[in-house]
Amino acid sequence: PPRSTLFPYTTLFRSHLVRTKIIGGDTVLHVNLKPITIRPPMVFNSKREFNRYTRLVLYVQKVYPYSQIVSQQLFEIHAHLDEYKTEKQKKEYLKLKEKELKEQFEGQLRSLTFTQGKILIKLINSETGHTTFDIIKELKGSLNAFFWQSVARLFGSNLKLEYDAEGDDRMIEDIVIRIENGEL
């Protein structure tokens, strides 16, 4: 019978630590894979519904990476804010971070359509668990949050939009799952 031992040490493999297992003299990588959700193929009742879905796929593919970046950056900001003792230091750090993010993403985000912006607002809520309004309020203050909410309302949007994966945003959720599974 083949001898199988799970080694207590890990091996560096493409910048990831993975466990190894010896099976019959061969070293086999032992990697935990994230679960995937199997989705049935989409069924459309009309050409119009198909076109709407296709357009939504393009929009979600464009803005989904930004929602992930927002989630990651928000986590990073919160982790670093604890390092600063005074409010002045925290505000300086937030201004520096805001400047960096503006330089990196402002042009790309300004080119989004209104619909893409609404989808991004919902996906940020899905990724972070907080509305865009709440994030702005926490990091920039109530007055800034009120100002940007007013601007959003002028253009027919709402920074307080929440993501409803089982309701109105069912199609977006389906697209996100397909993106995460590598289908799209």
# chains A, B, ... in the order shown; residues from 1 in each chain; ligands from 1
call {"tool": "residues_around", "arguments": {"residues": "range 73-81 of chain A", "least_positions_apart": "2", "cutoff": "8 Å", "atoms": "only C-alpha atoms", "output": "number ranges by chain"}}
result
A: 69-71, 83-84, 90, 93-94
call {"tool": "write_last_selection", "arguments": {"atoms": "C-alpha atoms", "output": "PDB file, in the first residue's frame"}}
result
ATOM      1  CA  ILE A  69     -10.504  47.367  -5.291  1.00  0.00           C
ATOM      2  CA  VAL A  70     -12.741  49.532  -3.092  1.00  0.00           C
ATOM      3  CA  SER A  71     -13.211  46.650  -0.670  1.00  0.00           C
ATOM      4  CA  GLU A  83      -1.526  53.027  13.586  1.00  0.00           C
ATOM      5  CA  TYR A  84      -2.149  56.771  13.922  1.00  0.00           C
ATOM      6  CA  LYS A  90      -5.487  60.181  10.494  1.00  0.00           C
ATOM      7  CA  TYR A  93      -3.231  59.743   5.939  1.00  0.00           C
ATOM      8  CA  LEU A  94      -6.753  59.843   4.463  1.00  0.00           C
TER       9      LEU A  94
END
call {"tool": "select_by_dssp", "arguments": {"residues": "chain A", "states": "alpha helix (DSSP H)", "output": "ChimeraX atom specification"}}
result
/A:47-81,87-110,114-128,132-140,142-154,170-180
call {"tool": "closest_residue", "arguments": {"among": "A:Lys95, A:Lys47, A:Lys88, A:Lys62", "to": "Ile175 in chain A", "atoms": "only C-alpha atoms"}}
result
A:Lys62
call {"tool": "residues_around", "arguments": {"residues": "Glu180 in chain A", "least_positions_apart": "3", "cutoff": "12 Å", "atoms": "only C-alpha atoms", "output": "VMD selection string"}}
result
chain A and resid 34 to 39 60 to 61 64 to 65 68 173 to 177 183 to 184
call {"tool": "decode", "arguments": {"residues": "range 72-83 of chain A", "atoms": "C-alpha atoms", "output": "JSON list (two decimals), in the first residue's frame"}}
result
[["chain", "number", "residue", "atom", "x", "y", "z"],
["A", 72, "GLN", "CA", -9.48, 45.93, -0.56],
["A", 73, "GLN", "CA", -8.53, 49.60, -0.17],
["A", 74, "LEU", "CA", -11.13, 50.12, 2.55],
["A", 75, "PHE", "CA", -9.72, 47.16, 4.47],
["A", 76, "GLU", "CA", -6.20, 48.53, 4.04],
["A", 77, "ILE", "CA", -7.24, 52.03, 5.17],
["A", 78, "HIS", "CA", -8.92, 50.70, 8.31],
["A", 79, "ALA", "CA", -5.86, 48.58, 9.11],
["A", 80, "HIS", "CA", -3.53, 51.59, 8.80],
["A", 81, "LEU", "CA", -5.80, 54.08, 10.59],
["A", 82, "ASP", "CA", -5.25, 52.22, 13.84],
["A", 83, "GLU", "CA", -1.53, 53.03, 13.59]]
